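Enquirer: Sharing coords_13.json below, JSON, C-alpha atoms:
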[["chain", "number", "residue", "atom", "x", "y", "z"],
["N", 1, "MET", "CA", 0.86, -13.65, 15.21],
["N", 2, "GLN", "CA", 0.26, -12.35, 18.72],
["N", 3, "SER", "CA", -2.53, -13.82, 20.82],
["N", 4, "PHE", "CA", -4.83, -11.54, 22.78],
["N", 5, "SER", "CA", -6.76, -12.31, 25.93],
["N", 6, "ARG", "CA", -10.40, -11.35, 25.32],
["N", 7, "GLN", "CA", -10.95, -11.20, 29.07],
["N", 8, "GLN", "CA", -8.02, -8.83, 29.48],
["N", 9, "ILE", "CA", -9.28, -6.58, 26.67],
["N", 10, "GLN", "CA", -12.74, -6.49, 28.22],
["N", 11, "LYS", "CA", -11.26, -5.69, 31.64],
["N", 12, "HIS", "CA", -9.12, -2.85, 30.27],
["N", 13, "PHE", "CA", -11.98, -1.18, 28.44],
["N", 14, "ASN", "CA", -14.47, -1.62, 31.27],
["N", 15, "HIS", "CA", -12.01, 0.13, 33.55],
["N", 16, "ALA", "CA", -11.25, 2.88, 31.01],
["N", 17, "ALA", "CA", -14.86, 3.67, 30.11],
["N", 18, "PRO", "CA", -15.30, 6.71, 32.44],
["N", 19, "SER", "CA", -12.09, 8.38, 31.17],
["N", 20, "TYR", "CA", -12.29, 7.28, 27.53],
["N", 21, "ASP", "CA", -13.97, 10.27, 25.88],
["N", 22, "ASP", "CA", -11.64, 12.83, 27.46],
["N", 23, "ALA", "CA", -8.55, 11.03, 26.13],
["N", 24, "ALA", "CA", -9.89, 9.69, 22.81],
["N", 25, "ILE", "CA", -8.88, 12.67, 20.66],
["N", 26, "LEU", "CA", -7.54, 10.50, 17.85],
["N", 27, "GLN", "CA", -10.53, 8.15, 17.96],
["N", 28, "LYS", "CA", -12.92, 11.10, 17.54],
["N", 29, "THR", "CA", -10.96, 12.41, 14.57],
["N", 30, "VAL", "CA", -10.83, 9.03, 12.85],
["N", 31, "ALA", "CA", -14.56, 8.50, 13.42],
["N", 32, "GLU", "CA", -15.16, 11.75, 11.55],
["N", 33, "ARG", "CA", -12.93, 10.47, 8.73],
["N", 34, "ILE", "CA", -15.09, 7.35, 8.36],
["N", 35, "ASP", "CA", -18.23, 9.46, 8.23],
["N", 36, "GLU", "CA", -16.66, 11.66, 5.53],
["N", 37, "ARG", "CA", -15.87, 8.58, 3.44],
["N", 38, "LEU", "CA", -19.42, 7.31, 3.76],
["N", 39, "GLU", "CA", -20.50, 10.60, 2.19],
["N", 40, "LEU", "CA", -18.82, 9.38, -1.02],
["N", 41, "THR", "CA", -20.87, 6.17, -1.20],
["N", 42, "THR", "CA", -24.37, 5.73, -2.62],
["N", 43, "ILE", "CA", -25.35, 2.97, -0.22],
["N", 44, "GLU", "CA", -28.72, 3.32, 1.55],
["N", 45, "PRO", "CA", -28.47, 0.74, 4.33],
["N", 46, "GLN", "CA", -31.48, -0.51, 6.26],
["N", 47, "THR", "CA", -29.53, -2.38, 8.93],
["N", 48, "ILE", "CA", -26.12, -1.25, 10.22],
["N", 49, "LEU", "CA", -23.63, -2.67, 12.72],
["N", 50, "ASP", "CA", -21.06, -0.47, 14.47],
["N", 51, "LEU", "CA", -18.60, -3.07, 15.72],
["N", 52, "GLY", "CA", -16.36, -2.08, 18.60],
["N", 53, "ALA", "CA", -18.65, 0.90, 19.13],
["N", 54, "GLY", "CA", -17.11, 1.83, 22.48],
["N", 55, "THR", "CA", -18.69, 5.01, 23.82],
["N", 56, "GLY", "CA", -20.49, 5.67, 20.54],
["N", 57, "LEU", "CA", -18.18, 8.22, 18.90],
["N", 58, "LEU", "CA", -18.81, 6.76, 15.45],
["N", 59, "THR", "CA", -22.31, 5.53, 16.27],
["N", 60, "GLU", "CA", -23.41, 9.10, 16.85],
["N", 61, "GLN", "CA", -22.18, 10.08, 13.38],
["N", 62, "ILE", "CA", -23.93, 7.11, 11.76],
["N", 63, "ILE", "CA", -27.25, 7.95, 13.46],
["N", 64, "LYS", "CA", -27.14, 11.41, 11.89],
["N", 65, "ARG", "CA", -26.14, 10.12, 8.45],
["N", 66, "TYR", "CA", -28.71, 7.31, 8.28],
["N", 67, "PRO", "CA", -31.57, 8.38, 10.59],
["N", 68, "GLN", "CA", -34.04, 5.86, 9.13],
["N", 69, "SER", "CA", -31.73, 2.86, 9.43],
["N", 70, "GLN", "CA", -31.73, 0.22, 12.13],
["N", 71, "LEU", "CA", -28.43, 0.56, 13.96],
["N", 72, "PHE", "CA", -26.79, -1.81, 16.41],
["N", 73, "ALA", "CA", -23.81, -0.68, 18.49],
["N", 74, "VAL", "CA", -21.82, -3.79, 19.44],
["N", 75, "ASP", "CA", -18.97, -3.88, 21.95],
["N", 76, "LEU", "CA", -17.19, -6.34, 24.20],
["N", 77, "SER", "CA", -17.34, -3.88, 27.10],
["N", 78, "THR", "CA", -20.67, -3.30, 28.84],
["N", 79, "SER", "CA", -19.20, -0.29, 30.64],
["N", 80, "MET", "CA", -18.36, 1.38, 27.32],
["N", 81, "LEU", "CA", -21.90, 0.83, 26.06],
["N", 82, "GLN", "CA", -23.39, 2.26, 29.23],
["N", 83, "ILE", "CA", -21.36, 5.45, 28.73],
["N", 84, "ALA", "CA", -22.54, 5.51, 25.11],
["N", 85, "GLN", "CA", -26.26, 5.37, 25.91],
["N", 86, "PRO", "CA", -26.92, 9.17, 25.88],
["N", 87, "ARG", "CA", -25.61, 9.29, 22.31],
["N", 88, "PHE", "CA", -28.17, 6.72, 21.18],
["N", 89, "LYS", "CA", -31.26, 8.75, 22.08],
["N", 90, "GLY", "CA", -33.23, 10.02, 19.14],
["N", 91, "LEU", "CA", -35.72, 8.50, 16.77],
["N", 92, "ARG", "CA", -37.99, 5.73, 18.01],
["N", 93, "TRP", "CA", -36.48, 2.42, 17.06],
["N", 94, "PRO", "CA", -38.59, 0.70, 14.38],
["N", 95, "ASN", "CA", -39.62, -2.92, 14.65],
["N", 96, "LEU", "CA", -36.73, -5.31, 14.37],
["N", 97, "PRO", "CA", -36.57, -7.38, 11.20],
["N", 98, "LYS", "CA", -37.92, -10.85, 11.95],
["N", 99, "LYS", "CA", -34.66, -12.44, 10.91],
["N", 100, "LEU", "CA", -32.72, -10.43, 13.48],
["N", 101, "ASN", "CA", -35.36, -10.59, 16.18],
["N", 102, "GLY", "CA", -35.19, -14.36, 16.25],
["N", 103, "PHE", "CA", -31.41, -14.55, 16.18],
["N", 104, "ILE", "CA", -30.27, -12.14, 18.90],
["N", 105, "LYS", "CA", -29.27, -14.44, 21.72],
["N", 106, "ASN", "CA", -26.51, -15.03, 24.23],
["N", 107, "CYS", "CA", -25.95, -11.30, 24.50],
["N", 108, "LYS", "CA", -27.14, -8.51, 26.73],
["N", 109, "LEU", "CA", -29.31, -5.65, 25.51],
["N", 110, "THR", "CA", -28.20, -2.68, 27.60],
["N", 111, "ARG", "CA", -31.57, -1.01, 26.99],
["N", 112, "THR", "CA", -34.98, -2.48, 26.25],
["N", 113, "LEU", "CA", -36.50, -2.10, 22.82],
["N", 114, "ALA", "CA", -39.33, -0.02, 24.30],
["N", 115, "THR", "CA", -37.22, 3.07, 24.94],
["N", 116, "LYS", "CA", -36.78, 5.86, 22.43],
["N", 117, "GLN", "CA", -33.52, 4.92, 20.81],
["N", 118, "ALA", "CA", -31.79, 5.61, 17.51],
["N", 119, "ALA", "CA", -29.50, 2.65, 18.18],
["N", 120, "ILE", "CA", -29.53, -0.54, 20.21],
["N", 121, "ALA", "CA", -26.45, -1.41, 22.28],
["N", 122, "ILE", "CA", -25.45, -5.05, 22.31],
["N", 123, "ASN", "CA", -22.71, -6.60, 24.43],
["N", 124, "ALA", "CA", -21.12, -9.23, 22.19],
["N", 125, "ASP", "CA", -17.82, -10.45, 20.73],
["N", 126, "VAL", "CA", -17.08, -9.76, 17.05],
["N", 127, "ASN", "CA", -15.68, -13.28, 16.78],
["N", 128, "GLN", "CA", -19.23, -14.60, 17.18],
["N", 129, "LEU", "CA", -21.83, -12.03, 16.20],
["N", 130, "PRO", "CA", -25.42, -12.64, 17.38],
["N", 131, "PHE", "CA", -26.96, -11.82, 13.99],
["N", 132, "ALA", "CA", -28.44, -13.94, 11.23],
["N", 133, "ASP", "CA", -26.73, -14.75, 7.97],
["N", 134, "ASN", "CA", -27.19, -12.13, 5.23],
["N", 135, "SER", "CA", -29.01, -9.74, 7.59],
["N", 136, "VAL", "CA", -26.89, -6.57, 7.52],
["N", 137, "ASP", "CA", -26.30, -3.95, 4.82],
["N", 138, "LEU", "CA", -23.39, -2.00, 6.31],
["N", 139, "ILE", "CA", -20.67, -2.74, 8.87],
["N", 140, "VAL", "CA", -18.57, 0.10, 10.25],
["N", 141, "SER", "CA", -15.75, -0.25, 12.74],
["N", 142, "ASN", "CA", -13.48, 2.41, 14.18],
["N", 143, "LEU", "CA", -10.10, 1.34, 15.57],
["N", 144, "MET", "CA", -11.26, -2.03, 16.85],
["N", 145, "LEU", "CA", -9.65, -4.62, 14.55],
["N", 146, "GLN", "CA", -6.21, -4.16, 16.12],
["N", 147, "TRP", "CA", -7.62, -6.04, 19.13],
["N", 148, "CYS", "CA", -8.45, -9.10, 17.01],
["N", 149, "ASP", "CA", -5.69, -11.68, 16.71],
["N", 150, "ASP", "CA", -7.41, -13.75, 13.99],
["N", 151, "LEU", "CA", -8.54, -11.49, 11.15],
["N", 152, "ASP", "CA", -9.66, -14.45, 9.05],
["N", 153, "GLN", "CA", -12.13, -15.50, 11.72],
["N", 154, "VAL", "CA", -13.41, -11.96, 12.20],
["N", 155, "PHE", "CA", -13.73, -11.20, 8.48],
["N", 156, "ALA", "CA", -15.46, -14.54, 7.88],
["N", 157, "GLU", "CA", -18.00, -13.54, 10.55],
["N", 158, "PHE", "CA", -18.45, -10.10, 8.97],
["N", 159, "ARG", "CA", -19.01, -11.75, 5.59],
["N", 160, "ARG", "CA", -21.54, -14.17, 7.08],
["N", 161, "VAL", "CA", -23.84, -11.46, 8.43],
["N", 162, "LEU", "CA", -23.52, -9.10, 5.46],
["N", 163, "ARG", "CA", -26.03, -9.28, 2.65],
["N", 164, "PRO", "CA", -24.66, -9.74, -0.88],
["N", 165, "GLU", "CA", -23.18, -6.43, -2.05],
["N", 166, "GLY", "CA", -23.12, -5.16, 1.54],
["N", 167, "LEU", "CA", -20.32, -2.81, 2.54],
["N", 168, "ILE", "CA", -17.69, -2.98, 5.26],
["N", 169, "MET", "CA", -15.81, 0.23, 6.16],
["N", 170, "PHE", "CA", -13.24, 0.24, 8.94],
["N", 171, "THR", "CA", -10.10, 1.68, 10.44],
["N", 172, "THR", "CA", -7.36, -0.01, 12.41],
["N", 173, "PHE", "CA", -3.77, 0.65, 13.44],
["N", 174, "GLY", "CA", -0.77, -0.16, 11.23],
["N", 175, "PRO", "CA", 2.77, -1.31, 12.14],
["N", 176, "ASP", "CA", 4.25, 2.15, 12.76],
["N", 177, "THR", "CA", 1.79, 2.86, 15.56],
["N", 178, "LEU", "CA", 3.56, 3.81, 18.80],
["N", 179, "LYS", "CA", 6.93, 3.20, 17.17],
["N", 180, "GLU", "CA", 8.62, 5.58, 19.63],
["N", 181, "LEU", "CA", 7.27, 3.71, 22.65],
["N", 182, "LYS", "CA", 8.34, 0.39, 21.09],
["N", 183, "GLN", "CA", 11.83, 1.71, 20.47],
["N", 184, "ALA", "CA", 12.13, 3.00, 24.01],
["N", 185, "TRP", "CA", 11.06, -0.34, 25.50],
["N", 186, "GLN", "CA", 13.27, -2.41, 23.20],
["N", 187, "SER", "CA", 16.29, -0.39, 24.22],
["N", 188, "VAL", "CA", 15.91, -1.48, 27.85],
["N", 189, "ASP", "CA", 14.01, -4.80, 27.64],
["N", 190, "ALA", "CA", 13.85, -6.84, 24.43],
["N", 191, "THR", "CA", 12.70, -9.99, 26.26],
["N", 192, "TYR", "CA", 8.98, -9.19, 26.29],
["N", 193, "GLU", "CA", 6.57, -7.41, 23.98],
["N", 194, "HIS", "CA", 5.56, -4.29, 25.90],
["N", 195, "VAL", "CA", 3.58, -2.77, 23.02],
["N", 196, "ASN", "CA", 1.04, -4.54, 20.82],
["N", 197, "ASN", "CA", 2.09, -5.31, 17.25],
["N", 198, "PHE", "CA", -0.14, -4.18, 14.40],
["N", 199, "ILE", "CA", -0.85, -5.75, 10.99],
["N", 200, "ASP", "CA", 0.27, -4.26, 7.67],
["N", 201, "MET", "CA", -2.56, -2.97, 5.49],
["N", 202, "HIS", "CA", -1.59, -5.27, 2.60],
["N", 203, "ASP", "CA", -2.05, -8.31, 4.85],
["N", 204, "ILE", "CA", -5.44, -6.94, 5.91],
["N", 205, "GLY", "CA", -6.45, -6.61, 2.25],
["N", 206, "ASP", "CA", -5.38, -10.19, 1.58],
["N", 207, "ALA", "CA", -7.45, -11.39, 4.54],
["N", 208, "LEU", "CA", -10.52, -9.62, 3.13],
["N", 209, "ILE", "CA", -10.12, -11.39, -0.21],
["N", 210, "ARG", "CA", -9.60, -14.79, 1.45],
["N", 211, "ASN", "CA", -12.93, -14.39, 3.23],
["N", 212, "GLY", "CA", -15.16, -13.49, 0.32],
["N", 213, "PHE", "CA", -14.82, -9.73, 0.04],
["N", 214, "GLY", "CA", -14.29, -8.01, -3.28],
["N", 215, "GLN", "CA", -12.79, -4.72, -4.45],
["N", 216, "PRO", "CA", -10.92, -3.99, -1.21],
["N", 217, "VAL", "CA", -9.45, -0.51, -1.01],
["N", 218, "MET", "CA", -6.74, 0.13, 1.57],
["N", 219, "ASP", "CA", -4.89, 3.32, 2.42],
["N", 220, "MET", "CA", -3.29, 4.89, 5.46],
["N", 221, "GLU", "CA", -2.56, 8.19, 7.12],
["N", 222, "VAL", "CA", -0.17, 9.08, 9.90],
["N", 223, "PHE", "CA", -1.08, 11.09, 12.99],
["N", 224, "THR", "CA", 1.46, 12.34, 15.52],
["N", 225, "LEU", "CA", 0.22, 13.30, 18.97],
["N", 226, "THR", "CA", 2.60, 15.33, 21.09],
["N", 227, "TYR", "CA", 3.16, 15.46, 24.83],
["N", 228, "GLU", "CA", 5.19, 17.38, 27.35],
["N", 229, "LYS", "CA", 6.57, 14.20, 28.93],
["N", 230, "PRO", "CA", 6.72, 10.47, 28.04],
["N", 231, "MET", "CA", 4.37, 9.69, 30.93],
["N", 232, "GLY", "CA", 1.66, 11.63, 29.11],
["N", 233, "VAL", "CA", 1.65, 8.98, 26.37],
["N", 234, "LEU", "CA", 1.24, 6.17, 28.89],
["N", 235, "LYS", "CA", -1.51, 7.97, 30.80],
["N", 236, "ASP", "CA", -3.53, 8.52, 27.62],
["N", 237, "LEU", "CA", -3.13, 4.88, 26.59],
["N", 238, "LYS", "CA", -4.38, 3.77, 29.99],
["N", 239, "ALA", "CA", -7.27, 6.24, 29.86],
["N", 240, "ILE", "CA", -8.57, 4.72, 26.62],
["N", 241, "GLY", "CA", -7.91, 1.10, 27.67],
["N", 242, "ALA", "CA", -5.17, 0.61, 25.06],
["N", 243, "THR", "CA", -2.74, -1.27, 27.26],
["N", 244, "ASN", "CA", -0.93, -4.49, 26.45],
["N", 245, "ALA", "CA", -3.37, -7.41, 26.21],
["N", 246, "ASN", "CA", -0.94, -9.87, 24.63],
["N", 247, "LYS", "CA", -1.03, -13.28, 26.33],
["N", 248, "GLN", "CA", 2.78, -13.37, 26.05],
["N", 249, "ARG", "CA", 3.20, -10.09, 27.92],
["N", 250, "ASN", "CA", 5.21, -9.97, 31.14],
["N", 251, "THR", "CA", 2.62, -10.29, 33.92],
["N", 252, "GLY", "CA", 5.12, -9.71, 36.70],
["N", 253, "LEU", "CA", 5.79, -6.43, 38.44],
["N", 254, "MET", "CA", 7.84, -3.95, 36.46],
["N", 255, "GLY", "CA", 10.98, -2.83, 38.26],
["N", 256, "LYS", "CA", 11.23, 0.91, 38.91],
["N", 257, "GLN", "CA", 14.71, 1.11, 37.43],
["N", 258, "ARG", "CA", 13.70, -0.55, 34.16],
["N", 259, "PHE", "CA", 10.61, 1.61, 33.83],
["N", 260, "ALA", "CA", 12.66, 4.74, 34.52],
["N", 261, "ALA", "CA", 15.21, 3.64, 31.93],
["N", 262, "MET", "CA", 12.42, 3.28, 29.38],
["N", 263, "LEU", "CA", 11.17, 6.81, 30.13],
["N", 264, "ASN", "CA", 14.72, 8.14, 29.73],
["N", 265, "ALA", "CA", 15.07, 6.32, 26.40],
["N", 266, "TYR", "CA", 11.77, 7.84, 25.25],
["N", 267, "GLU", "CA", 12.96, 11.27, 26.40],
["N", 268, "GLU", "CA", 15.84, 11.00, 23.92],
["N", 269, "LEU", "CA", 13.26, 10.90, 21.11],
["N", 270, "ARG", "CA", 11.96, 14.37, 21.97],
["N", 271, "ASN", "CA", 11.45, 16.42, 18.79],
["N", 272, "PRO", "CA", 13.98, 19.29, 18.78],
["N", 273, "ASN", "CA", 11.74, 21.41, 16.55],
["N", 274, "ASP", "CA", 8.87, 21.78, 19.01],
["N", 275, "ASN", "CA", 10.50, 20.25, 22.10],
["N", 276, "LYS", "CA", 7.62, 17.77, 22.38],
["N", 277, "ILE", "CA", 7.45, 14.02, 22.93],
["N", 278, "PRO", "CA", 5.94, 12.36, 19.80],
["N", 279, "ALA", "CA", 3.55, 9.41, 19.67],
["N", 280, "THR", "CA", 2.98, 8.19, 16.12],
["N", 281, "TYR", "CA", -0.22, 6.44, 15.01],
["N", 282, "GLU", "CA", -0.48, 4.81, 11.60],
["N", 283, "VAL", "CA", -4.20, 4.65, 10.85],
["N", 284, "VAL", "CA", -5.22, 2.16, 8.18],
["N", 285, "HIS", "CA", -8.47, 2.79, 6.32],
["N", 286, "GLY", "CA", -10.22, -0.01, 4.48],
["N", 287, "HIS", "CA", -13.46, -0.82, 2.75],
["N", 288, "ALA", "CA", -14.71, -3.75, 0.70],
["N", 289, "TRP", "CA", -17.91, -5.26, -0.63],
["N", 290, "ALA", "CA", -19.56, -8.57, 0.21],
["N", 291, "ALA", "CA", -18.92, -9.90, -3.27],
["N", 292, "GLN", "CA", -16.38, -12.37, -4.57],
["N", 293, "GLU", "CA", -13.15, -10.71, -5.69],
["N", 294, "ILE", "CA", -12.85, -11.08, -9.46],
["N", 295, "ILE", "CA", -9.38, -9.65, -9.94],
["N", 296, "LYS", "CA", -7.17, -10.99, -7.17],
["N", 297, "GLY", "CA", -6.82, -14.20, -5.26],
["N", 298, "PRO", "CA", -6.66, -17.91, -6.14],
["N", 299, "ASN", "CA", -10.47, -18.27, -6.09],
["N", 300, "ARG", "CA", -11.13, -15.50, -8.61],
["N", 301, "ASP", "CA", -13.63, -16.06, -11.39],
["N", 302, "LYS", "CA", -11.60, -16.93, -14.50],
["N", 303, "SER", "CA", -14.54, -17.20, -16.91],
["N", 304, "GLY", "CA", -13.86, -15.16, -20.02],
["N", 305, "HIS", "CA", -10.14, -14.95, -19.23],
["N", 306, "ILE", "CA", -7.55, -16.22, -21.71],
["N", 307, "GLU", "CA", -4.15, -17.33, -20.45],
["N", 308, "ILE", "CA", -1.24, -16.65, -22.81],
["N", 309, "SER", "CA", 2.51, -16.90, -22.34],
["N", 310, "LEU", "CA", 4.71, -13.83, -22.53],
["N", 311, "ASP", "CA", 6.47, -15.26, -25.63],
["N", 312, "GLU", "CA", 3.16, -15.79, -27.43],
["N", 313, "PHE", "CA", 2.05, -12.28, -26.44],
["N", 314, "SER", "CA", 5.26, -10.83, -27.87],
["N", 315, "LYS", "CA", 4.80, -12.71, -31.14],
["N", 316, "GLN", "CA", 1.26, -11.36, -31.50],
["N", 317, "LEU", "CA", 2.48, -7.80, -30.96],
["N", 318, "LYS", "CA", 5.07, -8.21, -33.74],
["N", 319, "SER", "CA", 2.64, -9.79, -36.22]]
Mind turning this structure into structure tokens?

Expert:
Amino acid sequence: MQSFSRQQIQKHFNHAAPSYDDAAILQKTVAERIDERLELTTIEPQTILDLGAGTGLLTEQIIKRYPQSQLFAVDLSTSMLQIAQPRFKGLRWPNLPKKLNGFIKNCKLTRTLATKQAAIAINADVNQLPFADNSVDLIVSNLMLQWCDDLDQVFAEFRRVLRPEGLIMFTTFGPDTLKELKQAWQSVDATYEHVNNFIDMHDIGDALIRNGFGQPVMDMEVFTLTYEKPMGVLKDLKAIGATNANKQRNTGLMGKQRFAAMLNAYEELRNPNDNKIPATYEVVHGHAWAAQEIIKGPNRDKSGHIEISLDEFSKQLKS
């Protein structure tokens, strides 16, 4: 498993905050997808966390859907949250639940509780959330989990703060994301990982079950963005802060010849049908409930289950 530098991730997104919204076309679309899926649930959450809220693309949707709920927008980047602030204006924020009010610590509130806000922005790391146990009804997260190198730790933290029967709904990137850019880099330099690797949705589902979530549902959809030139892909990735944060990345200067060779290799992947440069994104959707899985996993509840061998089952069918 790759290891990310949290400081590097924070640095990238702080730097990208001013340009993020203009380049985050895919992120906006996927945020809308999450909101559409919430339409299909009957949950009426009182307290909601938007984890990896960024500039508030999903937060804004959640405010409209649950206007009476208490919503916290959490992100590692203070610059992202500062850009997001105009989206949080709206209903006056109700009094914080006592359990939360006494637990928020070691984090920075980017606005005071006295302002008219429909959401509160909190600068914190999802690996250590500043919220009390069993204090949250709904967690949403849009394209953030791909920046977490230990899903078990993150999901255990999500499970800790969720109330029993609380819901988690998220998106992240799957293994085919940026496959063209990976192929182009590997053709000229296979020594280092130039593009982040992404986890398969089945492994994500297994991690949910290991950490106390039940009834996980995973699916995926593929988006292909197109560009006039390969450099357009790289510029957009930089504009949204999605550059390589792997600790094993090559931190030295990239030679001009090698970089040019990569661009030429990417150019060979131009789609002949539309004469565009493709950039594929595999978007994984997932949701699960804060309840012990009763169907899968070694810790499933076996009460009321009868174990029978296949031979015995066959005999009973014949009798």

Enquirer: Suppose you want the space between CA of Leu208 (chain N) and CA of Leu71 (chain N); what is it in Å?

Expert: 23.3 Å

Enquirer: Quick one: everything within 8 Å of Asp125 (chain N), counting all atoms listed in the file, minus sequence neighbours fewer than 5 positions away in the same chain. Send it as a list in words.

Expert: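 The neighbour list is Val74, Asp75 and Leu76 of chain N.
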
Enquirer: Which polymer residues have any atom within 6 Å of an atom of region 156-167 of chain N, counting all atoms listed in the file, with same-chain residues fewer than 5 positions away left out, as a list in words?

Expert: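 With the cut-off at 6 Å, the set is Ala132, Asp133, Asn134, Ser135, Val136, Asp137, Leu138, Asn211, Ala288, Trp289, Ala290 and Ala291 of chain N.
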
Enquirer: Quick one, how far is CA of Gln186 (chain N) from CA of Ala24 (chain N)?

Expert: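 We find that CA of Gln186 (chain N) and CA of Ala24 (chain N) lie 26.1 Å from each other.
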
Enquirer: For CA of Ala260 (chain N) and CA of Gln27 (chain N), quote the distance in Å rounded to one decimal.

Expert: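 Atom-to-atom, CA of Ala260 (chain N) and CA of Gln27 (chain N) are spaced 28.7 Å apart.
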
Enquirer: Which polymer residues have any atom within 10 Å of an atom of Leu234 (chain N), counting all atoms listed in the file, with same-chain residues fewer than 5 positions away left out, as a PyMOL selection string?

Expert: chain N and resi 181+229+239+242-243

Enquirer: From the list N:Ala73, N:Ala121, N:Ile9, N:Ile139, which residue is nearest Leu38 (chain N) when using all atoms listed in the file?

Expert: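 Of N:Ala73, N:Ala121, N:Ile9, N:Ile139, the one nearest Leu38 (chain N) is N:Ile139, counting all atoms listed in the file.
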
Enquirer: Check the smallest atom-to-atom distance from each of N:Thr172, N:Leu151, N:Leu49, N:Thr226 to Asn273 (chain N) using only C-alpha atoms, then report the winner.

Expert: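 Ranked by minimum distance to Asn273 (chain N), first place goes to N:Thr226.
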
Enquirer: So, with all atoms listed in the file as the atoms that count, which of N:Asn197, N:Gln153, N:Asn275, N:Thr41 lies closest to His287 (chain N)?

Expert: N:Thr41

Enquirer: From the options N:Pro45, N:Gly286, N:Gly205, N:Pro272, which residue's atoms come nearest to Ile168 (chain N), counting only C-alpha atoms?

Expert: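 Smallest separation from Ile168 (chain N) among the options: N:Gly286.
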
Enquirer: Find the residue from N:Ile240, N:Ile34, N:Leu58, N:Val222 that sits nearest to Tyr20 (chain N); use all atoms listed in the file when measuring.

Expert: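 Smallest distance to Tyr20 (chain N) is found for N:Ile240.
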
Enquirer: If we count all atoms listed in the file, what is near Thr55 (chain N) at a cut-off of 8 Å, once residues fewer than 4 positions away on the same chain are taken out, given as a list in words?

Expert: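 Contacts, with the query itself left out: Ala17, Tyr20, Asp21, Met80, Leu81, Gln82, Ile83, Ala84 and Gln85 of chain N.
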
Enquirer: Please determine, counting all atoms listed in the file, which residue among N:Thr224, N:Gly174, N:Met169, N:Glu282 has the shortest atom-to-atom distance to Asp203 (chain N).

Expert: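 Looking at the shortest contact to Asp203 (chain N), the residue is N:Gly174.
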
Enquirer: I'd like the neighbourhood of Ile204 (chain N) as a PyMOL selection string, where a residue qualifies if any of its atoms comes within 12 Å (using all atoms listed in the file), though same-chain residues fewer than 5 positions away should be ignored.

Expert: chain N and resi 145-146+148-152+154-155+170-175+198-199+209-211+213+216-219+284-288
